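What follows is the content of input_30.cif (mmCIF, C-alpha atoms).
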data_start
#
loop_
_atom_site.label_atom_id
_atom_site.label_comp_id
_atom_site.auth_asym_id
_atom_site.auth_seq_id
_atom_site.Cartn_x
_atom_site.Cartn_y
_atom_site.Cartn_z
CA MET I 1 0.00 0.00 0.00
CA LYS I 2 1.29 3.45 -0.92
CA HIS I 3 1.66 6.04 1.80
CA LYS I 4 0.97 9.69 1.04
CA ALA I 5 1.74 13.11 2.46
CA CYS I 6 1.36 16.78 1.48
CA PHE I 7 3.46 19.78 2.46
CA ALA I 8 3.20 23.49 1.76
CA LEU I 9 6.64 25.03 1.08
CA THR I 10 7.33 28.75 1.10
CA VAL I 11 9.62 30.14 -1.59
CA SER I 12 12.61 30.20 0.75
CA GLU I 13 11.89 26.64 1.93
CA SER I 14 11.71 25.51 -1.70
CA LYS I 15 15.04 27.18 -2.42
CA ARG I 16 16.64 25.37 0.52
CA LEU I 17 15.16 22.03 -0.59
CA ILE I 18 16.35 22.55 -4.16
CA ALA I 19 19.81 23.53 -2.91
CA LYS I 20 20.10 20.34 -0.89
CA GLY I 21 18.94 18.32 -3.89
CA VAL I 22 21.47 19.93 -6.24
CA ALA I 23 24.33 19.41 -3.79
CA ALA I 24 23.44 15.70 -3.62
CA LEU I 25 23.40 15.10 -7.40
CA PRO I 26 25.98 12.51 -8.50
CA GLU I 27 27.40 14.82 -11.19
CA VAL I 28 27.87 17.59 -8.62
CA GLN I 29 29.55 15.24 -6.16
CA ASN I 30 31.85 13.94 -8.92
CA ALA I 31 32.84 17.43 -10.07
CA MET I 32 33.53 18.47 -6.48
CA LYS I 33 35.93 15.54 -6.09
CA HIS I 34 37.57 15.34 -9.50
CA GLY I 35 36.81 18.40 -11.63
CA ILE I 36 35.54 21.96 -11.81
CA LEU I 37 32.19 23.16 -10.46
CA ALA I 38 31.04 26.77 -10.93
CA VAL I 39 28.00 28.35 -9.29
CA ALA I 40 26.68 31.43 -11.07
CA LYS I 41 25.07 34.17 -9.01
CA GLY I 42 21.37 33.95 -8.21
CA SER I 43 19.03 33.72 -5.24
CA THR I 44 18.56 29.94 -5.36
CA ASN I 45 22.24 29.50 -6.15
CA ALA I 46 23.12 31.41 -2.98
CA TYR I 47 21.48 28.59 -1.01
CA ILE I 48 23.47 26.08 -3.09
CA VAL I 49 26.70 27.89 -2.19
CA GLU I 50 25.76 27.54 1.48
CA GLU I 51 25.13 23.81 1.06
CA LEU I 52 28.45 23.26 -0.75
CA LEU I 53 30.43 25.35 1.74
CA SER I 54 28.49 24.03 4.77
CA LYS I 55 28.26 27.55 6.14
CA LYS I 56 26.02 30.60 5.93
CA ILE I 57 26.73 33.53 3.61
CA ASP I 58 25.00 36.85 3.01
CA LYS I 59 22.79 35.49 0.25
CA THR I 60 21.82 38.97 -0.93
CA ALA I 61 25.49 39.46 -1.86
CA TYR I 62 25.36 36.49 -4.25
CA THR I 63 22.68 37.78 -6.60
CA THR I 64 22.50 39.66 -9.86
CA GLY I 65 19.59 41.13 -11.79
CA VAL I 66 17.12 40.65 -8.93
CA THR I 67 13.37 41.30 -9.18
CA LEU I 68 12.09 43.58 -6.42
CA PRO I 69 8.66 45.14 -5.79
CA ALA I 70 8.06 48.24 -7.89
CA LYS I 71 6.72 50.01 -4.80
CA PRO I 72 8.08 48.18 -1.73
CA GLN I 73 6.38 48.76 1.61
CA THR I 74 9.79 48.74 3.31
CA PRO I 75 13.21 49.20 1.70
CA PRO I 76 14.72 45.83 0.77
CA ARG I 77 17.84 44.78 2.66
CA MET I 78 20.51 44.09 0.06
CA ALA I 79 24.26 43.80 0.54
CA SER I 80 26.24 46.86 -0.48
CA GLU I 81 29.02 44.74 -2.00
CA LYS I 82 28.81 41.53 -4.01
CA LEU I 83 30.66 38.34 -3.16
CA PRO I 84 33.09 36.98 -5.75
CA ASP I 85 31.99 34.11 -7.97
CA VAL I 86 32.21 30.72 -6.26
CA VAL I 87 34.16 28.13 -8.26
CA PHE I 88 35.48 24.82 -6.95
CA LYS I 89 38.42 22.88 -8.39
CA GLN I 90 38.71 19.38 -6.97
CA GLY I 91 36.72 20.48 -3.96
CA GLN I 92 38.77 23.58 -3.14
CA ILE I 93 37.72 27.19 -3.73
CA TRP I 94 39.40 28.49 -6.87
CA GLU I 95 40.25 32.04 -5.88
CA GLY I 96 40.26 34.96 -8.27
CA ILE I 97 38.37 33.36 -11.15
CA THR I 98 34.95 34.27 -12.54
CA VAL I 99 32.31 31.81 -13.68
CA PRO I 100 32.87 32.56 -17.41
CA GLN I 101 36.62 32.15 -16.95
CA ALA I 102 36.08 28.83 -15.18
CA VAL I 103 33.73 27.56 -17.89
CA ALA I 104 36.41 28.33 -20.47
CA GLU I 105 38.65 25.83 -18.63
CA MET I 106 35.96 23.14 -18.25
CA GLN I 107 35.76 19.80 -20.01
CA ARG I 108 33.13 17.06 -20.28
CA GLY I 109 31.97 16.05 -16.81
CA ASP I 110 32.52 19.45 -15.20
CA VAL I 111 29.50 21.34 -13.89
CA LEU I 112 27.96 24.80 -14.28
CA ILE I 113 25.01 25.67 -12.04
CA LYS I 114 22.88 28.54 -13.31
CA GLY I 115 19.37 29.47 -12.16
CA ALA I 116 16.47 30.69 -14.27
CA ASN I 117 13.64 33.22 -14.28
CA ALA I 118 11.06 31.10 -16.09
CA LEU I 119 10.25 27.41 -16.43
CA ASN I 120 8.01 25.49 -18.80
CA TYR I 121 8.08 22.22 -16.92
CA ALA I 122 6.15 20.23 -19.51
CA GLU I 123 8.63 21.19 -22.25
CA ARG I 124 11.67 20.96 -19.92
CA VAL I 125 12.84 24.40 -21.07
CA ALA I 126 13.92 27.24 -18.78
CA GLY I 127 14.34 30.91 -19.57
CA ILE I 128 16.81 33.49 -18.30
CA LEU I 129 16.07 37.21 -18.44
CA VAL I 130 19.02 39.10 -19.89
CA GLY I 131 19.63 42.82 -19.85
CA HIS I 132 23.35 42.75 -20.61
CA PRO I 133 24.06 43.71 -24.25
CA THR I 134 26.00 40.49 -24.88
CA GLY I 135 23.84 38.16 -22.78
CA GLY I 136 25.56 38.25 -19.40
CA THR I 137 26.74 35.00 -17.82
CA VAL I 138 24.54 32.76 -19.94
CA GLY I 139 25.62 34.49 -23.13
CA ALA I 140 29.27 34.06 -22.19
CA THR I 141 29.03 30.38 -21.24
CA TYR I 142 26.16 28.52 -22.92
CA GLY I 143 27.92 27.84 -26.21
CA THR I 144 30.92 26.35 -24.40
CA VAL I 145 28.62 24.25 -22.21
CA ILE I 146 26.88 22.76 -25.25
CA SER I 147 29.97 22.20 -27.38
CA ARG I 148 32.03 20.53 -24.63
CA GLY I 149 29.34 18.43 -22.98
CA ILE I 150 29.53 20.25 -19.65
CA HIS I 151 26.79 19.41 -17.15
CA TYR I 152 24.40 22.38 -17.06
CA ILE I 153 22.26 22.27 -13.93
CA ILE I 154 19.26 24.57 -13.66
CA PRO I 155 17.87 24.94 -10.12
CA VAL I 156 14.44 26.57 -10.40
CA GLY I 157 11.34 26.45 -8.22
CA PHE I 158 7.77 26.02 -9.36
CA GLU I 159 7.11 29.64 -8.39
CA LYS I 160 8.69 30.45 -11.78
CA CYS I 161 6.50 28.15 -13.90
CA ILE I 162 4.82 29.71 -16.92
CA SER I 163 2.40 28.13 -19.37
CA GLU I 164 3.61 29.51 -22.71
CA SER I 165 6.50 28.32 -24.87
CA ILE I 166 9.70 29.99 -23.68
CA THR I 167 11.28 29.79 -27.13
CA GLU I 168 8.25 31.52 -28.65
CA LEU I 169 8.25 34.20 -25.95
CA ALA I 170 11.97 34.77 -26.57
CA ARG I 171 11.24 35.29 -30.26
CA ARG I 172 8.43 37.77 -29.54
CA LEU I 173 10.52 39.75 -27.07
CA GLY I 174 13.30 40.02 -29.63
CA GLN I 175 11.16 41.20 -32.52
CA GLY I 176 11.09 44.82 -33.66
CA GLY I 177 8.50 47.24 -32.37
CA GLN I 178 8.07 50.37 -30.32
CA VAL I 179 9.17 49.86 -26.71
CA VAL I 180 7.17 51.81 -24.14
CA GLY I 181 8.76 52.77 -20.82
CA ASP I 182 12.17 51.68 -19.59
CA GLY I 183 12.65 48.88 -22.07
CA ILE I 184 12.24 45.12 -21.97
CA PRO I 185 14.74 42.34 -21.28
CA GLY I 186 15.65 39.52 -23.56
CA LEU I 187 14.70 35.95 -22.69
CA PHE I 188 17.34 33.27 -23.23
CA PRO I 189 15.94 29.71 -23.56
CA VAL I 190 18.12 26.98 -22.02
CA THR I 191 17.94 23.24 -21.48
CA GLY I 192 19.84 21.06 -19.07
CA THR I 193 19.29 19.18 -15.84
CA ILE I 194 16.29 20.96 -14.34
CA VAL I 195 16.02 20.62 -10.56
CA THR I 196 12.72 21.71 -9.03
CA GLU I 197 11.19 20.75 -5.70
CA ILE I 198 10.18 17.47 -7.37
CA GLU I 199 13.66 16.42 -8.50
CA ALA I 200 15.17 17.63 -5.22
CA VAL I 201 13.03 15.49 -2.94
CA GLN I 202 13.28 12.48 -5.26
CA THR I 203 17.09 12.80 -5.24
CA LEU I 204 17.28 13.16 -1.48
CA VAL I 205 14.74 10.44 -0.70
CA PRO I 206 15.00 7.60 -3.25
CA GLY I 207 11.76 5.69 -3.69
CA VAL I 208 9.32 8.59 -3.37
CA GLU I 209 7.26 10.05 -6.19
CA ALA I 210 6.57 13.77 -5.95
CA SER I 211 4.15 16.16 -7.64
CA VAL I 212 3.21 19.81 -7.22
CA ILE I 213 -0.56 19.99 -6.79
CA ALA I 214 -1.22 23.66 -5.92
CA SER I 215 0.52 26.96 -5.35
CA GLY I 216 0.07 30.30 -3.67
CA GLY I 217 -0.65 31.54 -0.17
CA ILE I 218 -0.71 34.57 2.10
CA CYS I 219 1.13 36.00 5.13
CA GLY I 220 4.53 34.97 3.83
CA ALA I 221 3.39 31.97 1.79
CA GLU I 222 2.94 33.95 -1.43
CA GLY I 223 4.49 31.85 -4.19
CA ALA I 224 4.37 28.72 -2.04
CA VAL I 225 3.84 25.27 -3.56
CA TRP I 226 2.00 22.21 -2.28
CA LEU I 227 4.23 19.16 -2.66
CA PHE I 228 2.48 15.77 -2.80
CA ILE I 229 4.60 12.74 -1.88
CA GLU I 230 3.86 9.04 -2.46
CA GLY I 231 5.89 5.95 -1.60
CA ASP I 232 6.33 3.22 0.95
CA ALA I 233 6.06 4.02 4.65
CA GLU I 234 9.80 4.37 5.22
CA ALA I 235 10.37 6.67 2.24
CA VAL I 236 7.43 8.94 3.03
CA THR I 237 8.57 9.16 6.66
CA LYS I 238 12.06 10.18 5.50
CA ALA I 239 10.57 12.78 3.14
CA SER I 240 8.43 14.14 5.97
CA GLU I 241 11.48 14.44 8.20
CA LEU I 242 13.40 16.20 5.42
CA ILE I 243 10.62 18.73 4.88
CA ALA I 244 10.29 19.32 8.62
CA SER I 245 14.01 20.09 8.79
CA ILE I 246 13.71 22.93 6.27
CA GLN I 247 10.36 24.37 7.35
CA GLY I 248 10.90 27.69 9.06
CA GLU I 249 13.64 28.75 6.62
CA PRO I 250 13.68 32.57 6.91
CA PRO I 251 12.59 34.63 3.90
CA PHE I 252 15.40 35.56 1.54
CA GLY I 253 17.37 38.47 2.92
CA ALA I 254 15.86 38.23 6.42
#
For the structure just supplied, provide its representation as structure tokens.
Amino acid sequence: MKHKACFALTVSESKRLIAKGVAALPEVQNAMKHGILAVAKGSTNAYIVEELLSKKIDKTAYTTGVTLPAKPQTPPRMASEKLPDVVFKQGQIWEGITVPQAVAEMQRGDVLIKGANALNYAERVAGILVGHPTGGTVGATYGTVISRGIHYIIPVGFEKCISESITELARRLGQGGQVVGDGIPGLFPVTGTIVTEIEAVQTLVPGVEASVIASGGICGAEGAVWLFIEGDAEAVTKASELIASIQGEPPFGA
């Protein structure tokens, strides 16, 4: 008989779960031991850096191109200075190198971790908003990733799911036309190893099957997802214990 459980995860709890799942991936573990692993800046990736370093960082200092409220009720707390890019070589921090520079040195089996701003889960395509004139980090690395067979891991929560084709939206954003206001970003479609809440819990607790069945909430649960777990009694118990261990994760920047 299958056992079942449901959990509501806030956005920050989802990011922590995804970070733990990414850190446990076999390709990540292999690159940490034997190769190069680079973690691009991003809010979810800041949690991944914490998991890989086994220590806390100022996560607001490991972001770029963040989305903030147009009219915030209180000023957001963001670090005044950014942290340097985090790159590992055979498990040790590679000082003084940027993510694009590290990718230029990578070979098959090495790993680049880069988050996303949009996800079409059914099509397994993610999208990255780009404002940099040459495409930013993704523009500087994606061709090398594809041509060399580098593992491209995309940690992205279901809060960023959209229903339309990302490739079609990228085409429409890039077409000519009169831009009103401050301009619009580009949208860069990418594929790779997508790690959502589903893949994270299934990596961390082998034997469970996970689905997202609802989303949304209030009083701090805006953007939350309902994660539905099925499996045998032992696996569901382990998944429940895992979720309990991350519930209460403070909001990003708190």
With the PyMOL selection byres ((chain I and resi 154) around 6) as the selection, what would be picked from this file? Answer as an mmCIF file with C-alpha atoms, in the coordinates of the input, please.
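The result, written out as part01.cif:
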data_model
loop_
_atom_site.group_PDB
_atom_site.id
_atom_site.type_symbol
_atom_site.label_atom_id
_atom_site.label_comp_id
_atom_site.auth_asym_id
_atom_site.auth_seq_id
_atom_site.Cartn_x
_atom_site.Cartn_y
_atom_site.Cartn_z
ATOM 1 C CA LYS I 114 22.880 28.540 -13.310
ATOM 2 C CA GLY I 115 19.370 29.470 -12.160
ATOM 3 C CA ILE I 153 22.260 22.270 -13.930
ATOM 4 C CA PRO I 155 17.870 24.940 -10.120
ATOM 5 C CA THR I 193 19.290 19.180 -15.840
ATOM 6 C CA ILE I 194 16.290 20.960 -14.340
ATOM 7 C CA VAL I 195 16.020 20.620 -10.560
#
- Message: Which residues would end up in the selection if the PyMOL selection byres ((chain I and resi 98) around 9) were applied here, given that I need the answer as number ranges by chain?
- Response: I: 38, 40, 84-87, 95-97, 99-103
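Residue selection for this entry, given the PyMOL selection byres ((chain I and resi 17-21) around 6), comprises Ser14, Lys15, Arg16, Val22, Ala23, Ala24, Tyr47, Ile48, Glu197, Ala200, Thr203 and Leu204 of chain I.
With only C-alpha atoms as the basis for measurement, I:Thr191 is the residue among I:Gln175, I:Gln90, I:Thr74, I:Thr191 that approaches I:Tyr121 most closely.
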- atom CA of I:Gly253 to atom CA of I:Thr63, straight-line distance in Å: 10.9 Å
- Message: Ranking I:Thr167, I:Ser211, I:Asn30, I:Asn120 by minimum distance to I:Trp226 and counting only C-alpha atoms, which one comes first?
- Response: I:Ser211
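The neighbours of I:Ile184 here are the residues that come within 10 Å of it, using only C-alpha atoms and leaving out any residue fewer than 5 positions away in the same chain; they are Leu129, Val130, Gly131, Leu173, Gly174 and Val179 of chain I.
Take atom CA of I:Arg108 and atom CA of I:Thr196: the distance between them is 23.8 Å.
Shortest atom-to-atom contact with I:Val66 among I:Gly231, I:His3, I:Phe252, I:Arg148: I:Phe252, counting all atoms listed in the file.
Across I:Thr44, I:Thr60, I:Gln107, I:Ser165, the tightest approach to I:Ala79 is made by I:Thr60 when counting all atoms listed in the file.
Reported to one decimal place, the separation of atom CA of I:Val145 from atom CA of I:Ala104 is 9.0 Å.
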Expected axis-aligned box over every listed atom of stretch 246-254 of chain I, 8 Å added per side, centre plus edges in Å to one decimal, as AutoDock Vina command-line options:
--center_x 13.9 --center_y 30.7 --center_z 5.3 --size_x 23.0 --size_y 31.5 --size_z 23.5
Taking the point (3.8, 24.9, -5.7) as given in the file, collect each protein or nucleic acid residue that comes within 12 Å of it, counting only C-alpha atoms, and present the set as an mmCIF file with C-alpha atoms, in the coordinates of the input.
data_model
loop_
_atom_site.group_PDB
_atom_site.id
_atom_site.type_symbol
_atom_site.label_atom_id
_atom_site.label_comp_id
_atom_site.auth_asym_id
_atom_site.auth_seq_id
_atom_site.Cartn_x
_atom_site.Cartn_y
_atom_site.Cartn_z
ATOM 1 C CA CYS I 6 1.360 16.780 1.480
ATOM 2 C CA PHE I 7 3.460 19.780 2.460
ATOM 3 C CA ALA I 8 3.200 23.490 1.760
ATOM 4 C CA LEU I 9 6.640 25.030 1.080
ATOM 5 C CA THR I 10 7.330 28.750 1.100
ATOM 6 C CA VAL I 11 9.620 30.140 -1.590
ATOM 7 C CA GLU I 13 11.890 26.640 1.930
ATOM 8 C CA SER I 14 11.710 25.510 -1.700
ATOM 9 C CA LYS I 15 15.040 27.180 -2.420
ATOM 10 C CA VAL I 156 14.440 26.570 -10.400
ATOM 11 C CA GLY I 157 11.340 26.450 -8.220
ATOM 12 C CA PHE I 158 7.770 26.020 -9.360
ATOM 13 C CA GLU I 159 7.110 29.640 -8.390
ATOM 14 C CA LYS I 160 8.690 30.450 -11.780
ATOM 15 C CA CYS I 161 6.500 28.150 -13.900
ATOM 16 C CA THR I 196 12.720 21.710 -9.030
ATOM 17 C CA GLU I 197 11.190 20.750 -5.700
ATOM 18 C CA ILE I 198 10.180 17.470 -7.370
ATOM 19 C CA ALA I 210 6.570 13.770 -5.950
ATOM 20 C CA SER I 211 4.150 16.160 -7.640
ATOM 21 C CA VAL I 212 3.210 19.810 -7.220
ATOM 22 C CA ILE I 213 -0.560 19.990 -6.790
ATOM 23 C CA ALA I 214 -1.220 23.660 -5.920
ATOM 24 C CA SER I 215 0.520 26.960 -5.350
ATOM 25 C CA GLY I 216 0.070 30.300 -3.670
ATOM 26 C CA GLY I 217 -0.650 31.540 -0.170
ATOM 27 C CA ALA I 221 3.390 31.970 1.790
ATOM 28 C CA GLU I 222 2.940 33.950 -1.430
ATOM 29 C CA GLY I 223 4.490 31.850 -4.190
ATOM 30 C CA ALA I 224 4.370 28.720 -2.040
ATOM 31 C CA VAL I 225 3.840 25.270 -3.560
ATOM 32 C CA TRP I 226 2.000 22.210 -2.280
ATOM 33 C CA LEU I 227 4.230 19.160 -2.660
ATOM 34 C CA PHE I 228 2.480 15.770 -2.800
#
- Task: Find the residues near stretch 124-126 of chain I: any atom within 7 Å, counting only C-alpha atoms, skip ones fewer than 4 places away on the same chain, and give them as a VMD selection string.
- Result: chain I and resid 116 118 to 120 166 189 to 191
- Task: Mind checking which residues fall within 9 Å of I:His132, counting all atoms listed in the file, ignoring those fewer than 5 positions away in the same chain, and posting them as a PyMOL selection string?
- Result: chain I and resi 137+139+185-186
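Of the listed residues (I:Glu164, I:Gly183, I:Ala140, I:Glu51), I:Glu164 comes nearest to I:Ala122; the distances count only C-alpha atoms.
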- 10 Å contact set for I:Glu234, only C-alpha atoms, chain neighbours under 6 positions out, as a ChimeraX atom specification: /I:3,205,207-208,240
- Among the residues I:Gly35, I:Pro206, I:Gly127, I:Gly149, the one that comes closest to I:Gly91 [using only C-alpha atoms]: I:Gly35
